[in-house]
Amino acid sequence: MRKIYFICFLFILNNAFAQKKEKLNPIAVYEKVWQERNSDARLKLIKTIWLDDSTFEDPSASIKGSVALNNVINEFYKKNPDAILTSGSKVVKDNYVTWDWKILDSKNKLIMAGRDFARLNGKGQVSKIIGFWDKEVTLSEAEILQNLEIDNYKVVAKYYECLFKTKDLNAMATIIEEGAIYNQAEGLPYGGRYVGFSEWTKMYAKSAEFFDLEIEKEPAYFSDASKNEVILYFTIKCKSKKSGKTLSMPISEHFDVKNGKITAIRPFYFDTKQFAEFLKSKK
């Protein structure tokens, strides 16, 4: 008997899940509608879930019909061409669905956020949607840190590009904070503590007297955005100007970044002693 009850319970549970999934289908299409940039393709999509008397209301519009909804979305993208829609989990009750949403720009900056309520007609179509805007909403701490991490990566990537690819020190200077500190290992011929970008350039020039360098393995990026720290891990291949010998070595460079500028760098060589001996060796 217990087995029969259990089977019945599973049947009821599966049926409930199936009903919820069926109700969420038009909402999934509705979200795709907002993600579609092509007006004609969007209108075709709207008509699969939208009736002539379906309505949409939010603080900016009160409209009826598929063409009117398409026009609202067109106007939105004219004002926010790089907008990206994200949405939370859906709550379903009878023929109503509600969920939170956020709209970010291409740099993950918050444009607006709110909550939508949808009334379904039970036939896979939307009868009405009411959108409420939340003007007090902010990005979560995790989202803020993610954005900071992305911005910090861009700063460090520009440094790497300027130093090893384009050799453009003028461009590099724009992302170095005044008084920034570069700590080179004391055991190297150009080791020491360099303060300010003008001192950094002297260190670059001095290091170039000892070797020619090429990147053997492009960098991997790591970050702790809460500490404003970015770490690069890459492999260099050097040719000593004194001995003509070559050496490959992994390097880890630790960057402190604040307000879009580098405030400190400390490189770590896989074997600093070996690298120093390599640079000082003679033919």
# chains A, B, ... in the order shown; residues from 1 in each chain; ligands from 1
$ residues_around --residues "segment 151-159 of chain A" --least-positions-apart "6" --cutoff "7 Å" --atoms "only C-alpha atoms" --output "list in words"
Met172, Ile175, Val230, Val257, Gly260 and Lys261 of chain A
$ write_last_selection --atoms "N, CA and C atoms" --output "PDB file, in the first residue's frame"
ATOM      1  N   MET A 172      51.539  53.687 -21.455  1.00  0.00           N
ATOM      2  CA  MET A 172      51.627  53.051 -20.148  1.00  0.00           C
ATOM      3  C   MET A 172      51.547  54.073 -19.017  1.00  0.00           C
ATOM      4  N   ILE A 175      48.318  54.893 -17.052  1.00  0.00           N
ATOM      5  CA  ILE A 175      47.670  53.975 -16.103  1.00  0.00           C
ATOM      6  C   ILE A 175      48.541  53.723 -14.871  1.00  0.00           C
ATOM      7  N   VAL A 230      45.795  42.070  -8.773  1.00  0.00           N
ATOM      8  CA  VAL A 230      45.773  41.218  -9.957  1.00  0.00           C
ATOM      9  C   VAL A 230      47.127  40.537 -10.067  1.00  0.00           C
ATOM     10  N   VAL A 257      46.086  47.674  -7.845  1.00  0.00           N
ATOM     11  CA  VAL A 257      45.357  48.590  -8.731  1.00  0.00           C
ATOM     12  C   VAL A 257      44.299  49.332  -7.926  1.00  0.00           C
ATOM     13  N   GLY A 260      41.516  52.537 -11.200  1.00  0.00           N
ATOM     14  CA  GLY A 260      41.903  52.443 -12.600  1.00  0.00           C
ATOM     15  C   GLY A 260      43.369  52.685 -12.889  1.00  0.00           C
ATOM     16  N   LYS A 261      44.203  52.736 -11.835  1.00  0.00           N
ATOM     17  CA  LYS A 261      45.635  52.937 -12.045  1.00  0.00           C
ATOM     18  C   LYS A 261      46.444  51.968 -11.190  1.00  0.00           C
TER      19      LYS A 261
END
$ closest_atom_pairs --of "segment 25-54 of chain A" --to "segment 84-91 of chain A" --cutoff "12 Å" --atoms "only C-alpha atoms" --output "tab-separated table"
residue	atom	partner	partner_atom	distance
A:Asn25	CA	A:Lys90	CA	11.4
A:Ile27	CA	A:Lys90	CA	9.1
A:Ala28	CA	A:Lys90	CA	10.1
A:Tyr30	CA	A:Leu85	CA	11.7
A:Glu31	CA	A:Leu85	CA	8.2
A:Lys32	CA	A:Leu85	CA	9.5
A:Val33	CA	A:Leu85	CA	10.6
A:Trp34	CA	A:Leu85	CA	7.5
A:Gln35	CA	A:Leu85	CA	6.8
A:Glu36	CA	A:Ile84	CA	10.5
A:Arg37	CA	A:Ile84	CA	10.7
$ write_last_selection --atoms "N, CA and C atoms" --output "PDB file, in the first residue's frame"
ATOM      1  N   ASN A  25       6.808  28.711 -19.951  1.00  0.00           N
ATOM      2  CA  ASN A  25       7.200  28.790 -21.358  1.00  0.00           C
ATOM      3  C   ASN A  25       6.954  30.168 -21.968  1.00  0.00           C
ATOM      4  N   ILE A  27       6.773  32.986 -20.502  1.00  0.00           N
ATOM      5  CA  ILE A  27       7.649  33.948 -19.834  1.00  0.00           C
ATOM      6  C   ILE A  27       9.063  33.833 -20.395  1.00  0.00           C
ATOM      7  N   ALA A  28       9.495  32.598 -20.664  1.00  0.00           N
ATOM      8  CA  ALA A  28      10.810  32.404 -21.275  1.00  0.00           C
ATOM      9  C   ALA A  28      10.869  33.060 -22.646  1.00  0.00           C
ATOM     10  N   TYR A  30       8.968  35.580 -23.583  1.00  0.00           N
ATOM     11  CA  TYR A  30       8.916  37.029 -23.324  1.00  0.00           C
ATOM     12  C   TYR A  30      10.302  37.587 -23.030  1.00  0.00           C
ATOM     13  N   GLU A  31      11.103  36.851 -22.266  1.00  0.00           N
ATOM     14  CA  GLU A  31      12.464  37.309 -21.977  1.00  0.00           C
ATOM     15  C   GLU A  31      13.331  37.286 -23.230  1.00  0.00           C
ATOM     16  N   LYS A  32      13.123  36.295 -24.089  1.00  0.00           N
ATOM     17  CA  LYS A  32      13.848  36.256 -25.364  1.00  0.00           C
ATOM     18  C   LYS A  32      13.469  37.454 -26.233  1.00  0.00           C
ATOM     19  N   VAL A  33      12.207  37.860 -26.138  1.00  0.00           N
ATOM     20  CA  VAL A  33      11.731  39.038 -26.879  1.00  0.00           C
ATOM     21  C   VAL A  33      12.576  40.254 -26.514  1.00  0.00           C
ATOM     22  N   TRP A  34      12.835  40.433 -25.229  1.00  0.00           N
ATOM     23  CA  TRP A  34      13.612  41.599 -24.784  1.00  0.00           C
ATOM     24  C   TRP A  34      15.089  41.488 -25.144  1.00  0.00           C
ATOM     25  N   GLN A  35      15.554  40.274 -25.391  1.00  0.00           N
ATOM     26  CA  GLN A  35      16.957  40.083 -25.757  1.00  0.00           C
ATOM     27  C   GLN A  35      17.184  40.175 -27.262  1.00  0.00           C
ATOM     28  N   GLU A  36      16.119  40.106 -28.043  1.00  0.00           N
ATOM     29  CA  GLU A  36      16.229  40.159 -29.499  1.00  0.00           C
ATOM     30  C   GLU A  36      16.426  41.599 -29.964  1.00  0.00           C
ATOM     31  N   ARG A  37      17.507  41.862 -30.713  1.00  0.00           N
ATOM     32  CA  ARG A  37      17.806  43.221 -31.165  1.00  0.00           C
ATOM     33  C   ARG A  37      17.142  43.557 -32.499  1.00  0.00           C
TER      34      ARG A  37
END
$ residues_around --residues "Val97 of chain A" --least-positions-apart "2" --cutoff "6 Å" --atoms "only C-alpha atoms" --output "PyMOL selection string"
chain A and resi 91-92+117-118
$ write_last_selection --atoms "N, CA, C and O atoms" --output "mmCIF file, in the first residue's frame"
data_model
loop_
_atom_site.group_PDB
_atom_site.id
_atom_site.type_symbol
_atom_site.label_atom_id
_atom_site.label_comp_id
_atom_site.auth_asym_id
_atom_site.auth_seq_id
_atom_site.Cartn_x
_atom_site.Cartn_y
_atom_site.Cartn_z
ATOM 1 N N VAL A 91 8.345 33.012 -9.640
ATOM 2 C CA VAL A 91 7.360 32.527 -8.668
ATOM 3 C C VAL A 91 6.031 32.373 -9.396
ATOM 4 O O VAL A 91 5.534 33.329 -9.991
ATOM 5 N N VAL A 92 5.479 31.169 -9.357
ATOM 6 C CA VAL A 92 4.246 30.870 -10.091
ATOM 7 C C VAL A 92 3.123 30.576 -9.112
ATOM 8 O O VAL A 92 3.286 29.783 -8.179
ATOM 9 N N PHE A 117 5.108 41.476 -13.063
ATOM 10 C CA PHE A 117 4.007 40.559 -12.781
ATOM 11 C C PHE A 117 3.332 40.241 -14.104
ATOM 12 O O PHE A 117 2.965 41.139 -14.854
ATOM 13 N N ALA A 118 3.183 38.951 -14.407
ATOM 14 C CA ALA A 118 2.540 38.537 -15.652
ATOM 15 C C ALA A 118 1.286 37.728 -15.346
ATOM 16 O O ALA A 118 1.274 36.881 -14.442
#
$ residues_around --residues "Asn170 of chain A" --least-positions-apart "6" --cutoff "12 Å" --atoms "only C-alpha atoms" --output "list in words"
Lys158, Tyr159, Cys162, Leu163, Ile176, Phe197, Ser198 and Thr201 of chain A
$ write_last_selection --atoms "N, CA and C atoms" --output "PDB file, in the first residue's frame"
ATOM      1  N   LYS A 158      46.474  46.278 -20.284  1.00  0.00           N
ATOM      2  CA  LYS A 158      47.038  47.406 -21.023  1.00  0.00           C
ATOM      3  C   LYS A 158      48.506  47.581 -20.678  1.00  0.00           C
ATOM      4  N   TYR A 159      48.852  47.426 -19.410  1.00  0.00           N
ATOM      5  CA  TYR A 159      50.261  47.510 -18.997  1.00  0.00           C
ATOM      6  C   TYR A 159      51.089  46.462 -19.733  1.00  0.00           C
ATOM      7  N   CYS A 162      51.513  47.337 -23.392  1.00  0.00           N
ATOM      8  CA  CYS A 162      52.442  48.454 -23.604  1.00  0.00           C
ATOM      9  C   CYS A 162      53.894  48.050 -23.391  1.00  0.00           C
ATOM     10  N   LEU A 163      54.148  47.194 -22.391  1.00  0.00           N
ATOM     11  CA  LEU A 163      55.525  46.830 -22.056  1.00  0.00           C
ATOM     12  C   LEU A 163      56.102  45.792 -23.010  1.00  0.00           C
ATOM     13  N   ILE A 176      49.599  54.515 -14.705  1.00  0.00           N
ATOM     14  CA  ILE A 176      50.477  54.385 -13.536  1.00  0.00           C
ATOM     15  C   ILE A 176      50.220  55.545 -12.579  1.00  0.00           C
ATOM     16  N   PHE A 197      56.942  56.756 -12.080  1.00  0.00           N
ATOM     17  CA  PHE A 197      57.100  56.170 -13.403  1.00  0.00           C
ATOM     18  C   PHE A 197      58.428  56.539 -14.069  1.00  0.00           C
ATOM     19  N   SER A 198      58.936  57.717 -13.790  1.00  0.00           N
ATOM     20  CA  SER A 198      60.219  58.099 -14.389  1.00  0.00           C
ATOM     21  C   SER A 198      61.322  57.158 -13.914  1.00  0.00           C
ATOM     22  N   THR A 201      61.014  53.781 -15.770  1.00  0.00           N
ATOM     23  CA  THR A 201      61.586  53.770 -17.128  1.00  0.00           C
ATOM     24  C   THR A 201      63.099  53.582 -17.090  1.00  0.00           C
TER      25      THR A 201
END
$ atom_distance --atom1 "atom CA of Ala142 of chain A" --atom2 "atom CA of Ile262 of chain A"
22.4 Å
$ select_by_dssp --residues "segment 113-220 of chain A" --states "alpha helix (DSSP H)" --output "JSON, numbers by chain"
{"A": [141, 142, 143, 144, 145, 146, 147, 148, 149, 150, 151, 152, 153, 154, 155, 156, 157, 158, 159, 160, 169, 170, 171, 172, 173, 197, 198, 199, 200, 201, 202, 203, 204, 205, 206, 207]}
$ select_by_dssp --residues "segment 84-177 of chain A" --states "strand (DSSP E or B)" --output "PyMOL selection string"
chain A and resi 84-87+91-93+96-104+110-120+126-133+176-177
$ residues_around --residues "segment 70-82 of chain A" --least-positions-apart "3" --cutoff "10 Å" --atoms "only C-alpha atoms" --output "list in words"
Val33, Trp34, Gln35, Glu36, Arg37, Asn38, Ser39, Asp40, Arg42, Leu43, Lys44, Leu45, Ile46, Lys47, Phe56, Ser60, Ala61, Ser62, Ile63, Gly65, Ser66, Val67, Ile103, Leu104, Asp105, Ser106, Lys107 and Ile111 of chain A
$ residues_around --residues "Leu148 of chain A" --least-positions-apart "6" --cutoff "9 Å" --atoms "only C-alpha atoms" --output "MDAnalysis selection string"
chainID A and resid 225:226 228
$ atom_distance --atom1 "atom CA of Met203 of chain A" --atom2 "atom CA of Tyr190 of chain A"
6.4 Å
$ closest_residue --among "A:Ser248, A:Ser54, A:Gln184, A:Thr98" --to "Ile265 of chain A" --atoms "only C-alpha atoms"
A:Gln184
$ atom_distance --atom1 "atom CA of Phe222 of chain A" --atom2 "atom CA of Leu145 of chain A"
13.5 Å
$ residues_around --residues "Ala220 of chain A" --least-positions-apart "2" --cutoff "8 Å" --atoms "only C-alpha atoms" --output "ChimeraX atom specification"
/A:218,222,232-234
$ write_last_selection --atoms "all heavy atoms" --output "compact mmCIF listing (two decimals), in the first residue's frame"
# COMPACT_ATOMS: atom_id res chain seq x y z
N GLU A 218 51.84 33.12 -23.06
CA GLU A 218 51.02 34.30 -22.74
C GLU A 218 50.45 34.19 -21.33
O GLU A 218 50.27 33.09 -20.80
CB GLU A 218 49.89 34.45 -23.75
CG GLU A 218 50.36 34.83 -25.15
CD GLU A 218 50.94 36.24 -25.20
OE1 GLU A 218 50.49 37.11 -24.43
OE2 GLU A 218 51.86 36.46 -26.00
N PHE A 222 44.85 36.25 -12.63
CA PHE A 222 44.18 35.88 -11.39
C PHE A 222 43.91 37.18 -10.62
O PHE A 222 44.59 38.17 -10.80
CB PHE A 222 45.05 34.95 -10.55
CG PHE A 222 45.48 33.70 -11.28
CD1 PHE A 222 46.67 33.70 -12.01
CD2 PHE A 222 44.72 32.56 -11.25
CE1 PHE A 222 47.07 32.56 -12.69
CE2 PHE A 222 45.12 31.42 -11.93
CZ PHE A 222 46.29 31.41 -12.65
N LEU A 232 49.58 38.17 -12.61
CA LEU A 232 49.85 37.60 -13.92
C LEU A 232 50.83 36.45 -13.77
O LEU A 232 51.81 36.57 -13.03
CB LEU A 232 50.49 38.64 -14.86
CG LEU A 232 49.62 39.75 -15.44
CD1 LEU A 232 50.39 40.47 -16.53
CD2 LEU A 232 48.34 39.22 -15.99
N TYR A 233 50.56 35.37 -14.49
CA TYR A 233 51.50 34.26 -14.52
C TYR A 233 51.82 33.97 -15.98
O TYR A 233 50.93 33.68 -16.78
CB TYR A 233 50.89 33.02 -13.86
CG TYR A 233 51.77 31.79 -13.96
CD1 TYR A 233 52.87 31.62 -13.13
CD2 TYR A 233 51.50 30.81 -14.92
CE1 TYR A 233 53.69 30.50 -13.25
CE2 TYR A 233 52.31 29.69 -15.04
CZ TYR A 233 53.40 29.54 -14.20
OH TYR A 233 54.20 28.44 -14.31
N PHE A 234 53.11 34.11 -16.36
CA PHE A 234 53.49 33.87 -17.75
C PHE A 234 54.93 33.37 -17.79
O PHE A 234 55.62 33.30 -16.76
CB PHE A 234 53.32 35.14 -18.59
CG PHE A 234 54.09 36.34 -18.11
CD1 PHE A 234 55.26 36.74 -18.73
CD2 PHE A 234 53.62 37.10 -17.04
CE1 PHE A 234 55.96 37.85 -18.30
CE2 PHE A 234 54.31 38.22 -16.60
CZ PHE A 234 55.49 38.60 -17.23
